[in-house]
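Text of the file upload.cif, holding mmCIF, C-alpha atoms:
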data_my_file
loop_
_atom_site.group_PDB
_atom_site.id
_atom_site.type_symbol
_atom_site.label_atom_id
_atom_site.label_comp_id
_atom_site.auth_asym_id
_atom_site.auth_seq_id
_atom_site.Cartn_x
_atom_site.Cartn_y
_atom_site.Cartn_z
ATOM 1 C CA MET A 832 -84.881 100.551 -25.737
ATOM 2 C CA SER A 833 -84.382 99.719 -22.076
ATOM 3 C CA LEU A 834 -82.157 101.370 -19.556
ATOM 4 C CA ILE A 835 -79.720 99.920 -16.998
ATOM 5 C CA THR A 836 -77.990 101.594 -14.079
ATOM 6 C CA CYS A 837 -74.239 102.222 -14.320
ATOM 7 C CA PRO A 838 -72.523 100.428 -11.492
ATOM 8 C CA ASP A 839 -70.052 103.305 -11.002
ATOM 9 C CA CYS A 840 -72.083 106.490 -11.202
ATOM 10 C CA ALA A 841 -75.645 105.194 -10.971
ATOM 11 C CA SER A 842 -76.669 107.044 -14.140
ATOM 12 C CA GLN A 843 -79.289 105.584 -16.422
ATOM 13 C CA VAL A 844 -77.609 104.147 -19.490
ATOM 14 C CA SER A 845 -79.117 102.508 -22.543
ATOM 15 C CA THR A 846 -78.528 98.847 -22.878
ATOM 16 C CA GLU A 847 -77.200 99.427 -26.350
ATOM 17 C CA ALA A 848 -74.599 101.995 -25.171
ATOM 18 C CA VAL A 849 -71.014 100.824 -25.288
ATOM 19 C CA ALA A 850 -69.966 103.014 -22.342
ATOM 20 C CA CYS A 851 -71.615 105.135 -19.676
ATOM 21 C CA PRO A 852 -71.967 108.736 -21.086
ATOM 22 C CA ASN A 853 -71.516 110.147 -17.589
ATOM 23 C CA CYS A 854 -68.389 108.258 -16.238
ATOM 24 C CA GLY A 855 -67.241 106.438 -19.292
ATOM 25 C CA ARG A 856 -67.417 102.921 -17.753
ATOM 26 C CA SER A 857 -67.563 100.257 -20.337
ATOM 27 C CA MET A 858 -70.944 98.600 -20.416
ATOM 28 C CA ALA A 859 -69.842 95.549 -22.499
ATOM 29 C CA PRO A 860 -70.229 92.239 -20.645
ATOM 30 C CA MET A 861 -67.021 90.987 -19.034
ATOM 31 C CA ILE A 862 -65.484 87.836 -20.503
ATOM 32 C CA VAL A 863 -64.447 85.527 -17.743
ATOM 33 C CA GLU A 864 -61.824 83.045 -18.748
ATOM 34 C CA PRO A 865 -62.258 79.613 -17.139
ATOM 35 C CA ILE A 866 -59.650 78.719 -14.577
ATOM 36 C CA PRO A 867 -57.784 75.570 -15.700
ATOM 37 C CA GLN A 868 -58.071 72.628 -13.327
ATOM 38 C CA ARG A 869 -54.874 71.669 -11.557
ATOM 39 C CA GLU A 870 -53.904 68.275 -10.184
ATOM 40 C CA VAL A 871 -53.904 68.464 -6.475
ATOM 41 C CA ILE A 872 -51.524 66.127 -4.664
ATOM 42 C CA ILE A 873 -52.450 65.563 -1.105
ATOM 43 C CA GLN A 874 -49.579 64.165 0.973
ATOM 44 C CA LYS A 875 -50.610 62.685 4.223
ATOM 45 C CA ALA A 876 -48.288 63.470 7.010
ATOM 46 C CA PRO A 877 -47.238 60.432 9.042
ATOM 47 C CA ARG A 878 -49.053 60.073 12.263
ATOM 48 C CA GLU A 879 -47.058 60.344 15.384
ATOM 49 C CA GLY A 880 -46.207 56.915 16.796
ATOM 50 C CA GLY A 881 -46.786 55.000 13.457
ATOM 51 C CA ILE A 882 -44.584 52.045 12.286
ATOM 52 C CA PRO A 883 -42.304 52.864 9.307
ATOM 53 C CA ALA A 884 -42.539 50.685 6.248
ATOM 54 C CA TRP A 885 -38.903 49.523 6.550
ATOM 55 C CA MET A 886 -39.564 48.267 10.023
ATOM 56 C CA ILE A 887 -42.581 46.264 8.827
ATOM 57 C CA ALA A 888 -40.432 44.685 6.097
ATOM 58 C CA LEU A 889 -37.751 43.832 8.662
ATOM 59 C CA ILE A 890 -40.335 42.190 10.910
ATOM 60 C CA VAL A 891 -41.611 40.092 8.000
ATOM 61 C CA VAL A 892 -38.073 38.927 7.130
ATOM 62 C CA LEU A 893 -37.273 38.063 10.759
ATOM 63 C CA GLY A 894 -40.529 36.123 11.041
ATOM 64 C CA ALA A 895 -39.685 34.084 7.940
ATOM 65 C CA VAL A 896 -36.197 33.300 9.297
ATOM 66 C CA LEU A 897 -37.682 32.255 12.641
ATOM 67 C CA LEU A 898 -40.111 29.877 10.931
ATOM 68 C CA ILE A 899 -37.261 28.266 8.963
ATOM 69 C CA VAL A 900 -35.190 27.808 12.145
ATOM 70 C CA LEU A 901 -38.132 26.263 14.001
ATOM 71 C CA PHE A 902 -38.815 23.859 11.115
ATOM 72 C CA THR A 903 -35.149 22.790 11.027
ATOM 73 C CA VAL A 904 -35.019 22.223 14.790
ATOM 74 C CA MET A 905 -38.217 20.169 14.746
ATOM 75 C CA ARG A 906 -36.961 18.014 11.899
ATOM 76 C CA ASN A 907 -33.633 17.408 13.676
ATOM 77 C CA ASN A 908 -35.489 16.453 16.841
ATOM 78 C CA ASN A 909 -37.549 13.954 14.860
ATOM 79 C CA ASP A 910 -34.386 12.491 13.297
ATOM 80 C CA ASP A 911 -32.748 12.237 16.744
ATOM 81 C CA ALA A 912 -35.846 10.536 18.110
ATOM 82 C CA ASN A 913 -35.847 8.051 15.230
ATOM 83 C CA THR A 914 -32.139 7.387 15.732
ATOM 84 C CA MET A 915 -32.714 6.887 19.442
ATOM 85 C CA ARG A 916 -35.498 4.396 18.725
ATOM 86 C CA VAL A 917 -33.253 2.516 16.281
ATOM 87 C CA ASN A 918 -30.411 2.465 18.813
ATOM 88 C CA VAL A 919 -32.734 1.230 21.531
ATOM 89 C CA ASN A 920 -34.106 -1.483 19.259
ATOM 90 C CA THR A 921 -30.559 -2.453 18.247
ATOM 91 C CA SER A 922 -29.420 -2.572 21.859
ATOM 92 C CA GLN A 923 -32.385 -4.744 22.805
ATOM 93 C CA ARG A 924 -31.735 -7.027 19.858
ATOM 94 C CA GLU A 925 -28.044 -7.325 20.772
ATOM 95 C CA ALA A 926 -28.956 -8.092 24.387
ATOM 96 C CA LEU A 927 -31.351 -10.834 23.266
ATOM 97 C CA ASN A 928 -28.741 -12.257 20.863
ATOM 98 C CA SER A 929 -26.090 -12.182 23.592
ATOM 99 C CA ARG A 930 -28.417 -13.994 26.002
ATOM 100 C CA ALA A 931 -29.235 -16.590 23.318
ATOM 101 C CA ASN A 932 -25.519 -17.024 22.586
ATOM 102 C CA ARG A 933 -24.749 -17.647 26.267
ATOM 103 C CA VAL A 934 -27.530 -20.230 26.466
ATOM 104 C CA ALA A 935 -26.330 -21.948 23.260
ATOM 105 C CA GLN A 936 -22.721 -21.976 24.478
ATOM 106 C CA SER A 937 -23.713 -23.392 27.862
ATOM 107 C CA GLU A 938 -25.717 -26.128 26.133
ATOM 108 C CA THR A 939 -22.788 -26.843 23.808
ATOM 109 C CA ARG A 940 -20.334 -27.068 26.710
ATOM 110 C CA SER A 941 -22.631 -29.514 28.445
ATOM 111 C CA SER A 942 -22.763 -31.708 25.320
ATOM 112 C CA ASP A 943 -19.284 -31.560 23.804
ATOM 113 C CA VAL A 944 -18.755 -34.059 21.017
ATOM 114 C CA THR A 945 -15.542 -35.993 20.671
ATOM 115 C CA VAL A 946 -15.116 -37.323 17.159
ATOM 116 C CA PRO A 947 -13.570 -40.768 17.253
ATOM 117 C CA SER A 948 -10.359 -41.379 15.383
ATOM 118 C CA THR A 949 -10.689 -42.609 11.844
ATOM 119 C CA SER A 950 -8.146 -45.057 10.564
ATOM 120 C CA VAL A 951 -6.768 -44.590 7.084
ATOM 121 C CA PRO A 952 -7.882 -47.415 4.790
ATOM 122 C CA SER A 953 -4.575 -49.102 4.068
ATOM 123 C CA GLN A 954 -2.988 -52.496 4.612
ATOM 124 C CA SER A 955 -0.747 -51.202 7.379
ATOM 125 C CA SER A 956 -0.737 -48.232 9.717
ATOM 126 C CA GLU A 957 3.026 -47.990 9.365
ATOM 127 C CA VAL A 958 5.368 -48.283 6.416
ATOM 128 C CA THR A 959 9.114 -48.289 6.120
ATOM 129 C CA VAL A 960 10.429 -45.363 4.137
ATOM 130 C CA PRO A 961 14.019 -45.454 2.839
ATOM 131 C CA PRO A 962 16.421 -44.895 4.393
ATOM 132 C CA SER A 963 14.853 -47.011 7.189
ATOM 133 C CA GLN A 964 12.706 -44.161 8.541
ATOM 134 C CA SER A 965 9.400 -45.004 10.212
ATOM 135 C CA THR A 966 6.441 -43.087 8.822
ATOM 136 C CA SER A 967 3.309 -43.024 10.998
ATOM 137 C CA ILE A 968 0.078 -42.673 9.051
ATOM 138 C CA ASN A 969 -3.033 -41.849 11.032
ATOM 139 C CA THR A 970 -6.107 -39.688 11.213
ATOM 140 C CA PRO A 971 -5.905 -37.949 14.601
ATOM 141 C CA PRO A 972 -9.010 -37.743 16.776
ATOM 142 C CA THR A 973 -10.757 -34.403 16.548
ATOM 143 C CA ASP A 974 -12.506 -32.441 19.311
ATOM 144 C CA THR A 975 -15.490 -30.651 17.819
ATOM 145 C CA ARG A 976 -17.184 -27.655 19.432
ATOM 146 C CA THR A 977 -19.939 -25.601 17.845
ATOM 147 C CA ALA A 978 -21.034 -22.154 18.974
ATOM 148 C CA THR A 979 -23.150 -19.365 17.513
ATOM 149 C CA ALA A 980 -20.940 -16.726 15.887
ATOM 150 C CA ASP A 981 -21.954 -13.080 15.509
ATOM 151 C CA ASN A 982 -19.534 -12.540 12.644
ATOM 152 C CA VAL A 983 -20.910 -15.321 10.393
ATOM 153 C CA ALA A 984 -22.655 -13.875 7.347
ATOM 154 C CA VAL A 985 -26.358 -14.474 6.814
ATOM 155 C CA GLY A 986 -26.930 -17.786 5.071
ATOM 156 C CA LYS A 987 -23.307 -18.865 5.662
ATOM 157 C CA SER A 988 -21.341 -20.886 8.211
ATOM 158 C CA GLY A 989 -17.783 -20.814 9.501
ATOM 159 C CA LEU A 990 -15.065 -23.221 10.592
ATOM 160 C CA SER A 991 -12.124 -22.608 12.920
ATOM 161 C CA ILE A 992 -9.329 -25.184 13.363
ATOM 162 C CA ASP A 993 -6.452 -25.650 15.782
ATOM 163 C CA ALA A 994 -3.973 -28.270 14.554
ATOM 164 C CA LYS A 995 -1.068 -29.775 16.541
ATOM 165 C CA ILE A 996 1.375 -32.657 16.312
ATOM 166 C CA ARG A 997 3.735 -34.264 18.790
ATOM 167 C CA GLY A 998 7.434 -33.675 18.286
ATOM 168 C CA ALA A 999 10.263 -36.126 18.735
ATOM 169 C CA THR A 1000 10.305 -35.436 22.496
ATOM 170 C CA GLY A 1001 6.549 -35.915 22.768
ATOM 171 C CA ARG A 1002 5.805 -32.222 23.276
ATOM 172 C CA GLU A 1003 2.921 -30.633 21.406
ATOM 173 C CA GLN A 1004 3.837 -28.460 18.443
ATOM 174 C CA PRO A 1005 1.507 -26.341 16.251
ATOM 175 C CA VAL A 1006 1.106 -27.287 12.621
ATOM 176 C CA GLN A 1007 2.588 -24.117 11.145
ATOM 177 C CA LYS A 1008 2.053 -22.779 7.619
ATOM 178 C CA GLU A 1009 0.200 -25.838 6.334
ATOM 179 C CA THR A 1010 -2.757 -25.723 3.955
ATOM 180 C CA PHE A 1011 -6.030 -27.295 5.064
ATOM 181 C CA TYR A 1012 -8.867 -27.988 2.628
ATOM 182 C CA LEU A 1013 -12.635 -28.390 2.731
ATOM 183 C CA LEU A 1014 -13.396 -31.152 0.200
ATOM 184 C CA LYS A 1015 -16.610 -32.442 -1.344
ATOM 185 C CA LYS A 1016 -15.338 -36.058 -1.177
ATOM 186 C CA ASP A 1017 -13.104 -38.063 1.130
ATOM 187 C CA LEU A 1018 -9.389 -38.297 0.386
ATOM 188 C CA ARG A 1019 -9.290 -41.974 -0.563
ATOM 189 C CA SER A 1020 -12.092 -41.620 -3.135
ATOM 190 C CA ILE A 1021 -10.336 -38.635 -4.670
ATOM 191 C CA LEU A 1022 -7.001 -40.460 -4.904
ATOM 192 C CA GLU A 1023 -8.677 -43.461 -6.545
ATOM 193 C CA GLU A 1024 -9.782 -41.156 -9.383
ATOM 194 C CA ALA A 1025 -6.286 -39.654 -9.757
ATOM 195 C CA ASP A 1026 -4.706 -42.723 -11.459
ATOM 196 C CA ILE A 1027 -1.896 -42.885 -8.887
ATOM 197 C CA ASP A 1028 0.574 -45.773 -8.967
ATOM 198 C CA ASP A 1029 1.015 -47.383 -5.558
ATOM 199 C CA GLU A 1030 4.693 -48.185 -6.035
ATOM 200 C CA GLU A 1031 5.229 -49.365 -2.451
ATOM 201 C CA GLY A 1032 2.000 -51.369 -2.302
ATOM 202 C CA GLN A 1033 0.925 -49.695 0.952
ATOM 203 C CA GLY A 1034 -2.229 -47.940 -0.283
ATOM 204 C CA LEU A 1035 -2.954 -44.679 -2.078
ATOM 205 C CA VAL A 1036 -2.999 -42.548 1.073
ATOM 206 C CA ASN A 1037 0.417 -43.881 2.067
ATOM 207 C CA ALA A 1038 1.704 -43.234 -1.435
ATOM 208 C CA PHE A 1039 0.490 -39.646 -1.277
ATOM 209 C CA GLY A 1040 2.031 -39.194 2.188
ATOM 210 C CA MET A 1041 5.392 -40.466 0.986
ATOM 211 C CA SER A 1042 5.265 -37.979 -1.905
ATOM 212 C CA ILE A 1043 4.880 -35.227 0.697
ATOM 213 C CA VAL A 1044 7.839 -36.482 2.736
ATOM 214 C CA TYR A 1045 9.982 -37.152 -0.356
ATOM 215 C CA PRO A 1046 8.701 -34.808 -3.106
ATOM 216 C CA SER A 1047 11.804 -35.284 -5.259
ATOM 217 C CA LYS A 1048 11.439 -39.082 -5.187
ATOM 218 C CA TYR A 1049 7.686 -39.207 -5.953
ATOM 219 C CA PRO A 1050 6.974 -36.000 -7.908
ATOM 220 C CA GLU A 1051 4.368 -37.558 -10.220
ATOM 221 C CA ILE A 1052 2.300 -38.955 -7.362
ATOM 222 C CA ARG A 1053 2.401 -35.597 -5.606
ATOM 223 C CA ARG A 1054 1.356 -33.716 -8.766
ATOM 224 C CA LYS A 1055 -1.555 -36.056 -9.590
ATOM 225 C CA ALA A 1056 -2.817 -36.105 -6.016
ATOM 226 C CA LEU A 1057 -2.796 -32.336 -5.588
ATOM 227 C CA ALA A 1058 -4.464 -31.857 -8.991
ATOM 228 C CA ALA A 1059 -7.232 -34.299 -8.063
ATOM 229 C CA ILE A 1060 -7.711 -32.671 -4.652
ATOM 230 C CA SER A 1061 -8.053 -29.215 -6.240
ATOM 231 C CA LYS A 1062 -11.053 -30.425 -8.294
ATOM 232 C CA TYR A 1063 -13.032 -31.152 -5.130
ATOM 233 C CA THR A 1064 -11.808 -28.202 -3.058
ATOM 234 C CA VAL A 1065 -14.569 -25.927 -1.748
ATOM 235 C CA ALA A 1066 -12.283 -23.727 0.342
ATOM 236 C CA LYS A 1067 -8.752 -23.758 1.721
ATOM 237 C CA THR A 1068 -6.814 -21.890 4.352
ATOM 238 C CA LEU A 1069 -3.294 -21.606 5.765
ATOM 239 C CA THR A 1070 -2.481 -22.117 9.437
ATOM 240 C CA ASP A 1071 -0.593 -19.440 11.342
ATOM 241 C CA ALA A 1072 2.367 -19.805 13.720
ATOM 242 C CA GLN A 1073 0.028 -21.206 16.407
ATOM 243 C CA GLY A 1074 -1.462 -23.800 14.055
ATOM 244 C CA LYS A 1075 -4.795 -21.977 13.850
ATOM 245 C CA ALA A 1076 -6.840 -21.056 10.770
ATOM 246 C CA LYS A 1077 -10.395 -20.199 9.732
ATOM 247 C CA PHE A 1078 -12.765 -20.933 6.878
ATOM 248 C CA PRO A 1079 -15.088 -17.882 6.871
ATOM 249 C CA ASP A 1080 -18.402 -17.586 5.002
ATOM 250 C CA VAL A 1081 -18.735 -21.205 3.832
ATOM 251 C CA LYS A 1082 -21.976 -22.585 2.440
ATOM 252 C CA PRO A 1083 -23.679 -24.752 5.078
ATOM 253 C CA ASP A 1084 -23.202 -28.379 3.990
ATOM 254 C CA SER A 1085 -21.318 -31.601 4.754
ATOM 255 C CA TYR A 1086 -17.613 -31.669 3.865
ATOM 256 C CA TYR A 1087 -14.335 -33.427 4.549
ATOM 257 C CA LEU A 1088 -11.579 -31.492 6.327
ATOM 258 C CA PHE A 1089 -8.267 -32.546 4.790
ATOM 259 C CA GLY A 1090 -4.744 -31.680 5.837
ATOM 260 C CA ILE A 1091 -1.334 -33.308 5.696
ATOM 261 C CA THR A 1092 1.960 -32.392 7.348
ATOM 262 C CA LYS A 1093 5.376 -33.853 8.040
ATOM 263 C CA THR A 1094 6.181 -35.220 11.482
ATOM 264 C CA PRO A 1095 9.436 -36.380 13.076
ATOM 265 C CA GLU A 1096 8.409 -39.971 12.277
ATOM 266 C CA GLY A 1097 6.890 -39.386 8.838
ATOM 267 C CA PHE A 1098 3.596 -37.575 8.240
ATOM 268 C CA SER A 1099 0.101 -37.100 9.653
ATOM 269 C CA VAL A 1100 -3.111 -36.942 7.648
ATOM 270 C CA TRP A 1101 -6.486 -35.441 8.609
ATOM 271 C CA ASP A 1102 -9.464 -36.607 6.549
ATOM 272 C CA GLN A 1103 -12.336 -35.630 8.855
ATOM 273 C CA PRO A 1104 -16.043 -35.563 7.855
ATOM 274 C CA ILE A 1105 -17.777 -32.461 9.194
ATOM 275 C CA THR A 1106 -21.179 -30.807 8.841
ATOM 276 C CA LEU A 1107 -21.389 -26.994 8.974
ATOM 277 C CA THR A 1108 -24.620 -25.390 10.179
ATOM 278 C CA GLU A 1109 -25.990 -22.093 8.902
ATOM 279 C CA GLY A 1110 -25.208 -19.132 11.146
ATOM 280 C CA GLN A 1111 -22.738 -21.071 13.323
ATOM 281 C CA LEU A 1112 -18.970 -21.135 13.732
ATOM 282 C CA THR A 1113 -17.656 -24.655 14.300
ATOM 283 C CA ASN A 1114 -14.396 -25.020 16.243
ATOM 284 C CA LEU A 1115 -12.240 -28.083 15.538
ATOM 285 C CA ASN A 1116 -9.398 -28.942 17.877
ATOM 286 C CA LEU A 1117 -7.263 -31.404 15.961
ATOM 287 C CA GLU A 1118 -5.625 -33.382 18.743
ATOM 288 C CA PRO A 1119 -1.836 -33.850 18.679
ATOM 289 C CA SER A 1120 -0.464 -36.879 16.863
ATOM 290 C CA GLY A 1121 2.571 -38.074 15.010
ATOM 291 C CA GLY A 1122 4.873 -38.849 17.914
ATOM 292 C CA ARG A 1123 5.856 -41.976 19.786
#
For this file, write the structure as structure tokens.
Amino acid sequence: MSLITCPDCASQVSTEAVACPNCGRSMAPMIVEPIPQREVIIQKAPREGGIPAWMIALIVVLGAVLLIVLFTVMRNNNDDANTMRVNVNTSQREALNSRANRVAQSETRSSDVTVPSTSVPSQSSEVTVPPSQSTSINTPPTDTRTATADNVAVGKSGLSIDAKIRGATGREQPVQKETFYLLKKDLRSILEEADIDDEEGQGLVNAFGMSIVYPSKYPEIRRKALAAISKYTVAKTLTDAQGKAKFPDVKPDSYYLFGITKTPEGFSVWDQPITLTEGQLTNLNLEPSGGR
């Protein structure tokens, strides 16, 4: 049996003793309960002068907005630059076209064409219409001028007319509210196909003219003639109070310009061959006629 020293009284005590016989101290080994581990949360204190998280988020948002604004401005500048280039190109093109138009017009003015008068194929240039009224039948001379037109559609041509007659006093008068036609064939050839009876024996054109002057006397001739003319009509137009009219956007080709109107002495007929050029507006000045 071994001995140990009592921690309290320093007496020798057997190792098998439960308590010190001198001071009574318990000699049993102490049971130490383990201390449970606890979760330690360490919170770092913000450093002085640091940037808060909300401020960082705000900076990020502002940066994104700034990038979007810069992108929009750059794109608008590019669009403006493209528009400016288009406008400059358009202006240059218009200047070149205007210069070409002036050159073409000057050349046209220096070489004006006067279309000679065309007589109507009939036995007589005058007929007597009851009651004893003289009816002049003629195809007036036509002044033709051609100029480049900016408003003519691509692949098309145009025609502008100015029609006049001479009144009883010899003064010029506009051919008002009369229909003019662009025909594929000449008037005489069309009337020959219309099965018209030449009751007066003065030719088909004269017969048609008399039906215009006296529609109630020759209604059948008038009806057949107008029906035949409509079959070969490419375009038609109505003159205004000044005797002017236009045929816009016509296919470039050769045609016959036809028109008929009453005059103080009877009627006047226009049956004028004309060729329309692509991209050009042709001006026809139908010279006054129909008076004495």
Here is a test: counting only C-alpha atoms, which residue of A:Ser991, A:Ser1047, A:Thr1000, A:Ser1061 is nearest to A:Tyr1012? A:Ser1061
Would you please work out which residue, of A:Tyr1063, A:Lys1016, A:Asn1116, A:Pro852, is nearest to A:Cys840 when using only C-alpha atoms? A:Pro852
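Each of A:Ser833, A:Leu1112, A:Lys1077, A:Ile1027 was compared to A:Arg1054 using all atoms listed in the file, and A:Ile1027 turns out to be the nearest.
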Residues selected by the PyMOL selection byres ((chain A and resi 989) around 10), written as number ranges by chain: A: 977, 979-980, 982-984, 987-988, 990-991, 1077-1083, 1107-1114
Computed gap from atom CA of A:Phe1089 to atom CA of A:Ala1066 is 10.7 Å
Closest to A:Val1044 among A:Ile1091, A:Val844, A:Met886, A:Ala859, using all atoms listed in the file?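 Closest to A:Val1044 of all the choices is A:Ile1091.
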Explicit residue set for the PyMOL selection byres ((chain A and resi 1101) around 7), as a PyMOL selection string: chain A and resi 970-971+1088-1091+1099-1100+1102-1103
Atom CA of A:Ala1025 to atom CA of A:Tyr1087, straight-line distance in Å: 17.6 Å
Do you know which residues are at most 12 Å from A:Lys1055 counting all atoms listed in the file, after dropping those on the same chain fewer than 6 positions away, and could you put them as an NGL selection string? :A and (1021-1028 or 1035 or 1038-1039 or 1042 or 1049 or 1061-1062)
Quick check on the file I pasted: which residues fall under the PyMOL selection byres ((chain A and resi 1072) around 9)? Write them as a PyMOL selection string. chain A and resi 1005-1008+1070-1071+1073-1075
Hey, can you check how far atom CA of A:Tyr1086 sits from atom CA of A:Val1036?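 Between atom CA of A:Tyr1086 and atom CA of A:Val1036 the gap is 18.4 Å.
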Using all atoms of stretch 1008-1018 of chain A listed in the file and a margin of 5 Å per side, can you give the axis-aligned box centre and edge lengths in Å to one decimal, as AutoDock Vina command-line options?
--center_x -7.3 --center_y -30.5 --center_z 3.1 --size_x 28.7 --size_y 25.5 --size_z 19.0
Applying 12 Å and all atoms listed in the file, which residues near A:Gly1040 remain after dropping the ones on its own chain fewer than 3 positions away? List them as a VMD selection string. chain A and resid 951 957 to 958 960 966 to 969 1018 to 1019 1022 1029 1031 1033 to 1037 1043 to 1046 1048 to 1050 1052 to 1053 1056 to 1057 1090 to 1094 1096 to 1101
